[in-house]
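**Q** model-v1.pdb is reproduced below (PDB, C-alpha atoms).
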ATOM      1  CA  MET C   1       0.000   0.000   0.000
ATOM      2  CA  SER C   2       1.373   3.387  -0.942
ATOM      3  CA  LEU C   3       0.626   6.169   1.530
ATOM      4  CA  HIS C   4       0.601   9.857   0.753
ATOM      5  CA  PHE C   5       1.368  12.438   3.425
ATOM      6  CA  ARG C   6       0.370  16.071   3.417
ATOM      7  CA  PRO C   7      -0.252  18.702   6.101
ATOM      8  CA  ALA C   8      -3.816  18.561   7.444
ATOM      9  CA  THR C   9      -5.911  21.719   7.400
ATOM     10  CA  GLU C  10      -9.322  22.653   8.776
ATOM     11  CA  ALA C  11     -10.750  21.806   5.328
ATOM     12  CA  ASP C  12      -9.867  18.161   6.120
ATOM     13  CA  TRP C  13     -11.703  18.208   9.434
ATOM     14  CA  PRO C  14     -14.944  16.565   8.166
ATOM     15  CA  ARG C  15     -12.837  13.526   7.235
ATOM     16  CA  LEU C  16     -10.649  13.582  10.337
ATOM     17  CA  TRP C  17     -13.263  14.091  13.014
ATOM     18  CA  PRO C  18     -15.041  10.707  12.531
ATOM     19  CA  ILE C  19     -11.675   8.935  12.894
ATOM     20  CA  LEU C  20     -10.767  10.874  16.036
ATOM     21  CA  HIS C  21     -14.275  10.719  17.489
ATOM     22  CA  GLU C  22     -14.457   6.922  17.316
ATOM     23  CA  ILE C  23     -11.161   6.705  19.205
ATOM     24  CA  VAL C  24     -12.241   9.291  21.787
ATOM     25  CA  LEU C  25     -15.528   7.482  22.452
ATOM     26  CA  ALA C  26     -13.809   4.087  22.808
ATOM     27  CA  GLN C  27     -11.663   5.483  25.677
ATOM     28  CA  GLU C  28      -9.186   2.673  25.137
ATOM     29  CA  THR C  29      -6.071   4.529  24.056
ATOM     30  CA  TYR C  30      -6.085   8.308  24.577
ATOM     31  CA  THR C  31      -6.819  10.400  27.666
ATOM     32  CA  TYR C  32      -9.313  12.616  25.890
ATOM     33  CA  ASP C  33     -12.628  13.721  27.360
ATOM     34  CA  PRO C  34     -15.242  11.322  25.910
ATOM     35  CA  GLY C  35     -17.638  14.304  25.777
ATOM     36  CA  MET C  36     -15.362  16.024  23.247
ATOM     37  CA  ASP C  37     -17.414  17.561  20.418
ATOM     38  CA  SER C  38     -16.237  18.482  16.931
ATOM     39  CA  GLU C  39     -15.311  22.020  18.001
ATOM     40  CA  ALA C  40     -13.170  20.825  20.918
ATOM     41  CA  GLY C  41     -11.800  18.143  18.610
ATOM     42  CA  VAL C  42     -10.500  20.586  16.039
ATOM     43  CA  ARG C  43      -8.859  22.684  18.786
ATOM     44  CA  THR C  44      -7.198  19.507  20.075
ATOM     45  CA  TRP C  45      -6.077  18.009  16.793
ATOM     46  CA  LEU C  46      -5.387  21.163  14.749
ATOM     47  CA  PRO C  47      -4.199  23.664  17.373
ATOM     48  CA  GLY C  48      -1.938  25.490  14.924
ATOM     49  CA  PRO C  49       1.751  26.432  15.292
ATOM     50  CA  PRO C  50       4.059  25.337  16.768
ATOM     51  CA  ASP C  51       2.093  22.055  16.394
ATOM     52  CA  ARG C  52       1.573  20.564  12.977
ATOM     53  CA  ALA C  53      -0.923  17.928  11.868
ATOM     54  CA  TRP C  54      -0.417  15.518   8.984
ATOM     55  CA  LEU C  55      -2.797  13.357   7.054
ATOM     56  CA  ALA C  56      -2.051   9.971   5.505
ATOM     57  CA  SER C  57      -4.200   8.879   2.577
ATOM     58  CA  ASP C  58      -4.147   5.999   0.121
ATOM     59  CA  GLU C  59      -3.722   6.285  -3.653
ATOM     60  CA  HIS C  60      -7.457   7.051  -4.033
ATOM     61  CA  GLY C  61      -7.270   9.977  -1.623
ATOM     62  CA  THR C  62      -9.068   8.140   1.194
ATOM     63  CA  VAL C  63      -7.872   9.398   4.585
ATOM     64  CA  LEU C  64      -6.493   6.446   6.564
ATOM     65  CA  GLY C  65      -4.880   8.244   9.463
ATOM     66  CA  SER C  66      -3.490  11.432  10.873
ATOM     67  CA  TYR C  67      -0.918  12.565  13.369
ATOM     68  CA  LYS C  68      -0.039  15.804  15.073
ATOM     69  CA  SER C  69       3.343  16.741  16.414
ATOM     70  CA  GLY C  70       5.147  19.655  18.009
ATOM     71  CA  PRO C  71       7.331  20.576  20.959
ATOM     72  CA  ASN C  72       6.338  18.591  24.040
ATOM     73  CA  ARG C  73       7.047  21.549  26.316
ATOM     74  CA  ALA C  74       8.075  25.174  26.037
ATOM     75  CA  GLY C  75      11.252  27.031  26.975
ATOM     76  CA  PRO C  76      13.875  24.723  28.525
ATOM     77  CA  GLY C  77      11.878  21.671  27.353
ATOM     78  CA  ALA C  78      11.225  22.730  23.772
ATOM     79  CA  HIS C  79      14.019  20.584  22.277
ATOM     80  CA  VAL C  80      11.947  17.409  22.763
ATOM     81  CA  ALA C  81       9.025  16.713  20.430
ATOM     82  CA  THR C  82       5.830  14.795  21.031
ATOM     83  CA  ALA C  83       3.278  13.260  18.673
ATOM     84  CA  SER C  84      -0.163  11.613  18.643
ATOM     85  CA  TYR C  85      -1.441   9.244  15.958
ATOM     86  CA  ILE C  86      -4.892   8.092  14.886
ATOM     87  CA  VAL C  87      -5.732   5.383  12.362
ATOM     88  CA  ALA C  88      -9.192   4.901  10.836
ATOM     89  CA  ALA C  89     -10.880   1.794  12.258
ATOM     90  CA  THR C  90     -11.202   0.337   8.755
ATOM     91  CA  ALA C  91      -7.492   0.803   8.015
ATOM     92  CA  ARG C  92      -5.907  -0.850  11.042
ATOM     93  CA  GLY C  93      -3.331  -3.607  10.782
ATOM     94  CA  LYS C  94      -2.023  -2.360   7.435
ATOM     95  CA  GLY C  95       1.050  -0.480   8.552
ATOM     96  CA  VAL C  96      -0.517   2.982   8.564
ATOM     97  CA  GLY C  97       0.540   3.617  12.160
ATOM     98  CA  ARG C  98       4.094   2.469  11.491
ATOM     99  CA  ALA C  99       4.347   4.689   8.398
ATOM    100  CA  MET C 100       3.047   7.680  10.377
ATOM    101  CA  VAL C 101       5.516   7.150  13.236
ATOM    102  CA  LEU C 102       8.397   6.911  10.751
ATOM    103  CA  HIS C 103       7.179  10.084   9.016
ATOM    104  CA  SER C 104       6.930  11.894  12.341
ATOM    105  CA  LEU C 105      10.468  10.841  13.307
ATOM    106  CA  GLU C 106      11.777  12.301  10.047
ATOM    107  CA  GLN C 107       9.830  15.507  10.609
ATOM    108  CA  ALA C 108      11.021  15.846  14.207
ATOM    109  CA  ARG C 109      14.614  15.253  13.149
ATOM    110  CA  ALA C 110      14.259  17.821  10.358
ATOM    111  CA  GLY C 111      12.772  20.249  12.908
ATOM    112  CA  GLY C 112      15.922  19.988  15.002
ATOM    113  CA  PHE C 113      14.400  18.140  17.951
ATOM    114  CA  ARG C 114      16.858  16.105  20.046
ATOM    115  CA  GLY C 115      14.294  13.490  21.021
ATOM    116  CA  ILE C 116      10.625  12.614  20.924
ATOM    117  CA  GLN C 117       8.475  11.736  23.910
ATOM    118  CA  PHE C 118       5.070  10.140  24.344
ATOM    119  CA  ASN C 119       3.543  11.283  27.616
ATOM    120  CA  ALA C 120       0.689   8.849  28.041
ATOM    121  CA  VAL C 121       0.657   5.450  26.351
ATOM    122  CA  ALA C 122      -1.862   3.100  27.988
ATOM    123  CA  ALA C 123       0.041  -0.074  28.911
ATOM    124  CA  SER C 124      -3.005  -2.037  27.713
ATOM    125  CA  ASN C 125      -2.352  -0.722  24.197
ATOM    126  CA  VAL C 126       0.194  -3.491  23.616
ATOM    127  CA  TYR C 127       0.074  -3.097  19.851
ATOM    128  CA  ALA C 128       1.177   0.537  20.087
ATOM    129  CA  VAL C 129       3.819  -0.135  22.745
ATOM    130  CA  LYS C 130       5.346  -2.883  20.588
ATOM    131  CA  LEU C 131       5.256  -0.700  17.471
ATOM    132  CA  TYR C 132       6.966   2.186  19.264
ATOM    133  CA  GLU C 133       9.618  -0.149  20.704
ATOM    134  CA  ASP C 134      10.230  -1.617  17.232
ATOM    135  CA  LEU C 135      10.890   1.920  16.026
ATOM    136  CA  GLY C 136      13.440   2.733  18.709
ATOM    137  CA  PHE C 137      11.342   4.104  21.552
ATOM    138  CA  ARG C 138      11.787   2.789  25.049
ATOM    139  CA  VAL C 139       9.648   3.011  28.147
ATOM    140  CA  VAL C 140      11.265   5.611  30.437
ATOM    141  CA  GLY C 141       8.512   5.773  33.014
ATOM    142  CA  ALA C 142       5.172   4.421  34.188
ATOM    143  CA  VAL C 143       2.435   6.100  36.188
ATOM    144  CA  PRO C 144       0.789   3.340  38.258
ATOM    145  CA  GLY C 145      -2.880   2.966  37.322
ATOM    146  CA  GLY C 146      -2.761   6.237  35.387
ATOM    147  CA  PHE C 147      -5.249   5.015  32.760
ATOM    148  CA  ARG C 148      -8.758   3.784  33.457
ATOM    149  CA  HIS C 149      -9.489   1.233  30.756
ATOM    150  CA  PRO C 150     -13.213   0.556  30.152
ATOM    151  CA  ARG C 151     -12.795  -3.224  30.623
ATOM    152  CA  GLN C 152      -9.344  -3.801  32.134
ATOM    153  CA  GLY C 153      -9.717  -1.166  34.846
ATOM    154  CA  PHE C 154      -6.685   0.806  36.028
ATOM    155  CA  VAL C 155      -3.606   0.140  33.929
ATOM    156  CA  ASP C 156      -0.273   1.950  33.872
ATOM    157  CA  LEU C 157       0.277   5.001  31.734
ATOM    158  CA  LEU C 158       3.675   4.760  30.075
ATOM    159  CA  ILE C 159       6.096   7.499  29.157
ATOM    160  CA  MET C 160       8.133   6.535  26.087
ATOM    161  CA  TYR C 161      11.144   8.263  24.580
ATOM    162  CA  ARG C 162      13.314   8.011  21.500
ATOM    163  CA  ASP C 163      16.594   9.784  21.031
ATOM    164  CA  LEU C 164      16.941  11.586  17.691
ATOM    165  CA  THR C 165      20.559  12.715  17.894
ATOM    166  CA  GLY C 166      22.136   9.315  17.289
ATOM    167  CA  ASP C 167      20.847   8.551  13.807
TER
ATOM    168  CA  MET J 168       5.458  31.215  60.368
ATOM    169  CA  SER J 169       1.743  30.894  59.930
ATOM    170  CA  LEU J 170       0.547  30.612  56.346
ATOM    171  CA  HIS J 171      -2.911  31.447  55.086
ATOM    172  CA  PHE J 172      -4.380  29.769  52.035
ATOM    173  CA  ARG J 173      -7.156  31.056  49.847
ATOM    174  CA  PRO J 174      -8.172  30.567  46.201
ATOM    175  CA  ALA J 175      -6.319  32.929  43.855
ATOM    176  CA  THR J 176      -8.329  35.115  41.486
ATOM    177  CA  GLU J 177      -7.435  37.473  38.654
ATOM    178  CA  ALA J 178      -7.537  40.293  41.200
ATOM    179  CA  ASP J 179      -4.420  38.717  42.738
ATOM    180  CA  TRP J 180      -2.559  38.659  39.449
ATOM    181  CA  PRO J 181      -0.521  41.871  40.020
ATOM    182  CA  ARG J 182       0.993  40.191  43.064
ATOM    183  CA  LEU J 183       1.402  36.746  41.460
ATOM    184  CA  TRP J 184       2.896  37.736  38.128
ATOM    185  CA  PRO J 185       6.223  39.084  39.519
ATOM    186  CA  ILE J 186       6.707  35.807  41.413
ATOM    187  CA  LEU J 187       5.949  33.687  38.351
ATOM    188  CA  HIS J 188       7.841  35.960  35.959
ATOM    189  CA  GLU J 189      11.104  35.764  37.923
ATOM    190  CA  ILE J 190      10.869  31.955  37.819
ATOM    191  CA  VAL J 191      10.011  31.887  34.108
ATOM    192  CA  LEU J 192      12.944  34.156  33.228
ATOM    193  CA  ALA J 193      15.395  32.107  35.310
ATOM    194  CA  GLN J 194      14.560  28.986  33.199
ATOM    195  CA  GLU J 195      15.936  26.816  35.987
ATOM    196  CA  THR J 196      12.860  24.899  37.094
ATOM    197  CA  TYR J 197       9.835  25.097  34.789
ATOM    198  CA  THR J 198       9.474  24.424  31.075
ATOM    199  CA  TYR J 199       7.737  27.715  30.381
ATOM    200  CA  ASP J 200       8.487  29.951  27.431
ATOM    201  CA  PRO J 201      10.877  32.642  28.749
ATOM    202  CA  GLY J 202       9.088  35.108  26.448
ATOM    203  CA  MET J 203       5.858  34.618  28.408
ATOM    204  CA  ASP J 204       4.151  37.973  29.040
ATOM    205  CA  SER J 205       1.633  38.823  31.736
ATOM    206  CA  GLU J 206      -1.308  37.897  29.502
ATOM    207  CA  ALA J 207       0.100  34.466  28.662
ATOM    208  CA  GLY J 208       1.041  34.114  32.324
ATOM    209  CA  VAL J 209      -2.478  34.598  33.588
ATOM    210  CA  ARG J 210      -3.771  32.062  31.050
ATOM    211  CA  THR J 211      -1.123  29.619  32.270
ATOM    212  CA  TRP J 212      -1.478  30.142  36.001
ATOM    213  CA  LEU J 213      -5.212  30.929  36.278
ATOM    214  CA  PRO J 214      -6.742  28.885  33.454
ATOM    215  CA  GLY J 215     -10.025  28.375  35.312
ATOM    216  CA  PRO J 216     -11.952  25.142  35.963
ATOM    217  CA  PRO J 217     -11.236  22.309  36.242
ATOM    218  CA  ASP J 218      -7.911  23.791  37.430
ATOM    219  CA  ARG J 219      -7.751  25.777  40.600
ATOM    220  CA  ALA J 220      -5.075  28.170  41.846
ATOM    221  CA  TRP J 221      -4.277  28.896  45.486
ATOM    222  CA  LEU J 222      -2.347  31.634  47.150
ATOM    223  CA  ALA J 223      -0.295  31.368  50.326
ATOM    224  CA  SER J 224       0.262  34.545  52.326
ATOM    225  CA  ASP J 225       1.777  35.394  55.689
ATOM    226  CA  GLU J 226      -0.059  36.973  58.615
ATOM    227  CA  HIS J 227       0.400  40.441  57.089
ATOM    228  CA  GLY J 228      -1.246  39.415  53.833
ATOM    229  CA  THR J 229       2.026  39.329  51.886
ATOM    230  CA  VAL J 230       1.846  36.766  49.095
ATOM    231  CA  LEU J 231       4.668  34.235  49.560
ATOM    232  CA  GLY J 232       3.675  31.617  47.049
ATOM    233  CA  SER J 233       1.016  30.088  44.880
ATOM    234  CA  TYR J 234       0.115  26.777  43.352
ATOM    235  CA  LYS J 235      -2.311  25.555  40.743
ATOM    236  CA  SER J 236      -3.752  22.090  40.541
ATOM    237  CA  GLY J 237      -6.255  20.085  38.549
ATOM    238  CA  PRO J 238      -6.667  16.837  36.631
ATOM    239  CA  ASN J 239      -3.441  15.926  34.852
ATOM    240  CA  ARG J 240      -5.330  14.518  31.884
ATOM    241  CA  ALA J 241      -8.902  14.213  30.673
ATOM    242  CA  GLY J 242     -11.224  11.231  30.254
ATOM    243  CA  PRO J 243      -9.558   7.938  31.188
ATOM    244  CA  GLY J 244      -6.709   9.867  32.855
ATOM    245  CA  ALA J 245      -8.772  12.346  34.879
ATOM    246  CA  HIS J 246      -8.445  10.450  38.173
ATOM    247  CA  VAL J 247      -4.835  11.616  38.583
ATOM    248  CA  ALA J 248      -4.144  15.213  39.622
ATOM    249  CA  THR J 249      -1.171  17.416  38.883
ATOM    250  CA  ALA J 250       0.113  20.606  40.503
ATOM    251  CA  SER J 251       2.697  23.365  40.042
ATOM    252  CA  TYR J 252       4.139  25.526  42.798
ATOM    253  CA  ILE J 253       5.906  28.888  42.888
ATOM    254  CA  VAL J 254       7.537  30.563  45.866
ATOM    255  CA  ALA J 255       8.547  34.231  45.975
ATOM    256  CA  ALA J 256      12.344  34.608  45.755
ATOM    257  CA  THR J 257      12.364  36.460  49.082
ATOM    258  CA  ALA J 258      10.414  33.702  50.854
ATOM    259  CA  ARG J 259      12.457  30.622  49.923
ATOM    260  CA  GLY J 260      13.829  28.225  52.508
ATOM    261  CA  LYS J 261      11.034  28.927  54.979
ATOM    262  CA  GLY J 262       8.801  25.951  54.363
ATOM    263  CA  VAL J 263       6.364  27.703  52.027
ATOM    264  CA  GLY J 264       6.822  25.073  49.316
ATOM    265  CA  ARG J 265       6.346  22.233  51.787
ATOM    266  CA  ALA J 266       3.172  23.816  53.167
ATOM    267  CA  MET J 267       1.793  24.293  49.654
ATOM    268  CA  VAL J 268       2.518  20.690  48.635
ATOM    269  CA  LEU J 269       0.780  19.442  51.788
ATOM    270  CA  HIS J 270      -2.184  21.719  51.091
ATOM    271  CA  SER J 271      -2.389  20.483  47.505
ATOM    272  CA  LEU J 272      -2.321  16.838  48.646
ATOM    273  CA  GLU J 273      -5.283  17.515  50.947
ATOM    274  CA  GLN J 274      -7.146  19.280  48.167
ATOM    275  CA  ALA J 275      -6.463  16.508  45.651
ATOM    276  CA  ARG J 276      -7.583  13.875  48.158
ATOM    277  CA  ALA J 277     -10.745  15.879  48.884
ATOM    278  CA  GLY J 278     -11.343  16.167  45.147
ATOM    279  CA  GLY J 279     -11.387  12.389  44.859
ATOM    280  CA  PHE J 280      -8.154  12.011  42.905
ATOM    281  CA  ARG J 281      -6.445   8.615  43.222
ATOM    282  CA  GLY J 282      -2.952  10.025  42.805
ATOM    283  CA  ILE J 283      -0.984  13.107  41.893
ATOM    284  CA  GLN J 284       1.654  13.352  39.204
ATOM    285  CA  PHE J 285       4.354  15.863  38.356
ATOM    286  CA  ASN J 286       5.165  15.674  34.662
ATOM    287  CA  ALA J 287       8.371  17.618  34.451
ATOM    288  CA  VAL J 288      10.657  18.091  37.449
ATOM    289  CA  ALA J 289      14.154  19.147  36.378
ATOM    290  CA  ALA J 290      16.590  16.682  37.974
ATOM    291  CA  SER J 291      18.858  19.658  38.713
ATOM    292  CA  ASN J 292      16.160  21.018  41.040
ATOM    293  CA  VAL J 293      17.450  18.803  43.835
ATOM    294  CA  TYR J 294      15.712  20.829  46.517
ATOM    295  CA  ALA J 295      12.303  20.199  44.963
ATOM    296  CA  VAL J 296      12.994  16.517  44.258
ATOM    297  CA  LYS J 297      13.997  15.968  47.874
ATOM    298  CA  LEU J 298      10.969  17.866  49.169
ATOM    299  CA  TYR J 299       8.592  15.837  46.988
ATOM    300  CA  GLU J 300      10.247  12.578  48.052
ATOM    301  CA  ASP J 301       9.959  13.612  51.714
ATOM    302  CA  LEU J 302       6.239  14.068  51.132
ATOM    303  CA  GLY J 303       5.678  10.637  49.631
ATOM    304  CA  PHE J 304       6.317  11.164  45.939
ATOM    305  CA  ARG J 305       8.632   8.874  44.051
ATOM    306  CA  VAL J 306      10.363   9.188  40.722
ATOM    307  CA  VAL J 307       8.463   6.962  38.257
ATOM    308  CA  GLY J 308      10.256   8.056  35.113
ATOM    309  CA  ALA J 309      13.009  10.176  33.605
ATOM    310  CA  VAL J 310      13.270  11.715  30.169
ATOM    311  CA  PRO J 311      16.995  11.771  29.320
ATOM    312  CA  GLY J 312      18.202  15.333  28.817
ATOM    313  CA  GLY J 313      14.631  16.599  28.728
ATOM    314  CA  PHE J 314      15.512  19.895  30.413
ATOM    315  CA  ARG J 315      18.037  22.419  29.132
ATOM    316  CA  HIS J 316      19.447  24.104  32.231
ATOM    317  CA  PRO J 317      21.050  27.518  31.601
ATOM    318  CA  ARG J 318      24.337  26.489  33.268
ATOM    319  CA  GLN J 319      24.234  22.705  33.731
ATOM    320  CA  GLY J 320      23.122  21.947  30.164
ATOM    321  CA  PHE J 321      20.861  18.999  29.429
ATOM    322  CA  VAL J 322      19.575  17.331  32.589
ATOM    323  CA  ASP J 323      16.862  14.706  32.997
ATOM    324  CA  LEU J 324      13.238  15.668  33.344
ATOM    325  CA  LEU J 325      11.658  13.554  36.057
ATOM    326  CA  ILE J 326       8.113  12.258  36.327
ATOM    327  CA  MET J 327       7.064  11.937  39.979
ATOM    328  CA  TYR J 328       3.974  10.310  41.429
ATOM    329  CA  ARG J 329       2.277   9.965  44.792
ATOM    330  CA  ASP J 330      -0.563   7.593  45.520
ATOM    331  CA  LEU J 331      -3.505   9.191  47.366
ATOM    332  CA  THR J 332      -5.618   6.112  48.030
ATOM    333  CA  GLY J 333      -3.449   4.667  50.797
ATOM    334  CA  ASP J 334      -3.703   7.434  53.373
TER
END
The structure given in the file should be rewritten as structure tokens.

**A**
Amino acid sequence: MSLHFRPATEADWPRLWPILHEIVLAQETYTYDPGMDSEAGVRTWLPGPPDRAWLASDEHGTVLGSYKSGPNRAGPGAHVATASYIVAATARGKGVGRAMVLHSLEQARAGGFRGIQFNAVAASNVYAVKLYEDLGFRVVGAVPGGFRHPRQGFVDLLIMYRDLTGD
Amino acid sequence: MSLHFRPATEADWPRLWPILHEIVLAQETYTYDPGMDSEAGVRTWLPGPPDRAWLASDEHGTVLGSYKSGPNRAGPGAHVATASYIVAATARGKGVGRAMVLHSLEQARAGGFRGIQFNAVAASNVYAVKLYEDLGFRVVGAVPGGFRHPRQGFVDLLIMYRDLTGD
């Protein structure tokens, strides 16, 4: 499958919101308010500079996923990036997430970031944890019971990090 | 020294901003943009619900410190609190920080939070790390070189956590 990346804009929102909304309602992976509406969603996913959102589509122009990335913190923490990824329910298991993470690593490197950090990966999201580890991230911390999974109850919330200066 | 706590409001801002601004400009403890102006400061320190800011003053009404606290994340992460503390340069070493942390623990417990998390404690801020550890926090993660200290260079950014269900 050949994926095409381009910056996401508010004009893309009608195609992005259903993907994000399904994930928000499931409450299985991200610590977003399940009551998030489209307006709060666009502020969250397309907040504008210094963050940047990307869109991944297939050769027919169908949106399969999106990610947003930017500095994780300001001032003395602004040299470390962060990113969040969403994949359309119908497009999972096809490498879209992996392609987006790789794209985001390139972008973060090009942006001069020294590393990239995920602040809150639910330990129950074993697929994501394994993917991130495959791509050079490692778990650098765990908040005990930091995530309330709808079926598994309280699970750890992992902090993951990947250095970007060594490659 | 007897400290008085009350909720901070925008009317207190002229007395809070100099305390926060000195800390922001020093770039030694918090990952705030050093270019933060008063307007950005008030949005940061007094963002409104669900966050809450408190003010600690001495018996003469002099503001010695302030902290803000609220849920660290939304949705499936909203059961863990976070907090940030600032102490006036002239009032350091007198137990103001300790009193504010204790106050914030009580407030978080009363608010039904299961734990409280600090997302970004510069490892170089040994005084704060020791204080937090004295009060039951432990380091649950470290982002390598996550903080750029103006003299010490890149130091780790610690994630600290304290359980609130056990006491």

**Q** Applied to the shown file, which residues does the PyMOL selection byres ((chain C and resi 17) around 10) return, written as a VMD selection string?

**A** chain C and resid 12 to 16 18 to 23 37 to 39 41 to 42 45

**Q** Given the point (9.6, 5.1, 29.5) in the file's coordinates, find the residues that have an atom at most 7 Å from it, counting all atoms listed in the file, and give them as JSON, numbers by chain.

**A** {"C": [138, 139, 140, 141, 142, 158, 159, 160, 161], "J": [308]}

**Q** On this structure, the ChimeraX specification (/J :<8) & /C would catch which residues? List them as an MDAnalysis selection string, sorted by chain and number.

**A** chainID C and resid 27 30:34 73:80 117 140:143 146:149 159 161

**Q** Take the PyMOL selection byres ((chain C and resi 131) around 12), run it mentally on this structure, and tell me the resulting residues as a list in words.

**A**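 Listing what the PyMOL selection byres ((chain C and resi 131) around 12) selects in the shown file: Gly93, Gly95, Val96, Gly97, Arg98, Ala99, Met100, Val101, Leu102, Val121, Asn125, Val126, Tyr127, Ala128, Val129, Lys130, Tyr132, Glu133, Asp134, Leu135, Gly136, Phe137, Arg138 and Met160 of chain C.
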
**Q** So the first atom is atom CA of Gly237 of chain J and the second is atom CA of Tyr85 of chain C; what is the distance between them in Å, to one decimal place?

**A**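 Going from atom CA of Gly237 of chain J over to atom CA of Tyr85 of chain C, I get 25.5 Å.
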
**Q** Figure out the distance between atom CA of Arg52 of chain C and atom CA of Phe118 of chain C, please, to one decimal in Å.

**A**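 Between these atoms lies a distance of 15.8 Å.
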
**Q** Please, what distance in Å, to one decimal, runs between atom CA of Gln319 of chain J and atom CA of Ser233 of chain J?

**A**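 Those two atoms sit 26.8 Å apart.
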
**Q** For Phe280 of chain J, which of J:Ala193, J:Val230, J:Val322, J:Leu331 is the closest residue, counting all atoms listed in the file?

**A** J:Leu331

**Q** J:His227, J:Pro174, J:Ala255, J:Gly333: which is nearest Ser271 of chain J, counting all atoms listed in the file?

**A**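 Of all the options, J:Pro174 lies closest to Ser271 of chain J.
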
**Q** Out of J:Ala277, J:Tyr234, J:His171, J:Ala248, which residue has the shortest atom-to-atom distance to Thr211 of chain J when counting all atoms listed in the file?

**A** J:Tyr234

**Q** I need segment 63-76 of chain C from the structure I supplied, saved as an mmCIF file, in the first residue's frame with N, CA, C and O atoms retained.

**A**
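File written: result.cif
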data_model
loop_
_atom_site.group_PDB
_atom_site.id
_atom_site.type_symbol
_atom_site.label_atom_id
_atom_site.label_comp_id
_atom_site.auth_asym_id
_atom_site.auth_seq_id
_atom_site.Cartn_x
_atom_site.Cartn_y
_atom_site.Cartn_z
ATOM 1 N N VAL C 63 -8.661 9.115 3.384
ATOM 2 C CA VAL C 63 -7.872 9.398 4.585
ATOM 3 C C VAL C 63 -7.841 8.153 5.470
ATOM 4 O O VAL C 63 -8.880 7.639 5.893
ATOM 5 N N LEU C 64 -6.644 7.658 5.753
ATOM 6 C CA LEU C 64 -6.493 6.446 6.564
ATOM 7 C C LEU C 64 -6.014 6.760 7.980
ATOM 8 O O LEU C 64 -6.201 5.966 8.892
ATOM 9 N N GLY C 65 -5.389 7.908 8.137
ATOM 10 C CA GLY C 65 -4.880 8.244 9.463
ATOM 11 C C GLY C 65 -4.369 9.670 9.492
ATOM 12 O O GLY C 65 -4.330 10.361 8.465
ATOM 13 N N SER C 66 -4.007 10.079 10.686
ATOM 14 C CA SER C 66 -3.490 11.432 10.873
ATOM 15 C C SER C 66 -2.594 11.446 12.104
ATOM 16 O O SER C 66 -2.733 10.601 12.994
ATOM 17 N N TYR C 67 -1.669 12.359 12.124
ATOM 18 C CA TYR C 67 -0.918 12.565 13.369
ATOM 19 C C TYR C 67 -0.653 14.043 13.552
ATOM 20 O O TYR C 67 -0.695 14.824 12.590
ATOM 21 N N LYS C 68 -0.443 14.420 14.798
ATOM 22 C CA LYS C 68 -0.039 15.804 15.073
ATOM 23 C C LYS C 68 1.225 15.750 15.904
ATOM 24 O O LYS C 68 1.438 14.802 16.685
ATOM 25 N N SER C 69 2.057 16.729 15.735
ATOM 26 C CA SER C 69 3.343 16.741 16.414
ATOM 27 C C SER C 69 3.777 18.166 16.671
ATOM 28 O O SER C 69 3.334 19.098 15.993
ATOM 29 N N GLY C 70 4.626 18.341 17.664
ATOM 30 C CA GLY C 70 5.147 19.655 18.009
ATOM 31 C C GLY C 70 6.037 19.528 19.227
ATOM 32 O O GLY C 70 6.290 18.417 19.701
ATOM 33 N N PRO C 71 6.520 20.642 19.738
ATOM 34 C CA PRO C 71 7.331 20.576 20.959
ATOM 35 C C PRO C 71 6.499 20.053 22.119
ATOM 36 O O PRO C 71 5.344 20.445 22.288
ATOM 37 N N ASN C 72 7.089 19.154 22.915
ATOM 38 C CA ASN C 72 6.338 18.591 24.040
ATOM 39 C C ASN C 72 6.139 19.612 25.144
ATOM 40 O O ASN C 72 5.123 19.584 25.834
ATOM 41 N N ARG C 73 7.111 20.505 25.292
ATOM 42 C CA ARG C 73 7.047 21.549 26.316
ATOM 43 C C ARG C 73 7.629 22.832 25.725
ATOM 44 O O ARG C 73 8.147 22.806 24.613
ATOM 45 N N ALA C 74 7.550 23.885 26.497
ATOM 46 C CA ALA C 74 8.075 25.174 26.037
ATOM 47 C C ALA C 74 9.439 25.435 26.679
ATOM 48 O O ALA C 74 9.948 24.626 27.454
ATOM 49 N N GLY C 75 10.022 26.550 26.339
ATOM 50 C CA GLY C 75 11.252 27.031 26.975
ATOM 51 C C GLY C 75 12.319 25.963 27.101
ATOM 52 O O GLY C 75 12.728 25.373 26.092
ATOM 53 N N PRO C 76 12.769 25.671 28.333
ATOM 54 C CA PRO C 76 13.875 24.723 28.525
ATOM 55 C C PRO C 76 13.510 23.264 28.212
ATOM 56 O O PRO C 76 14.341 22.382 28.379
#
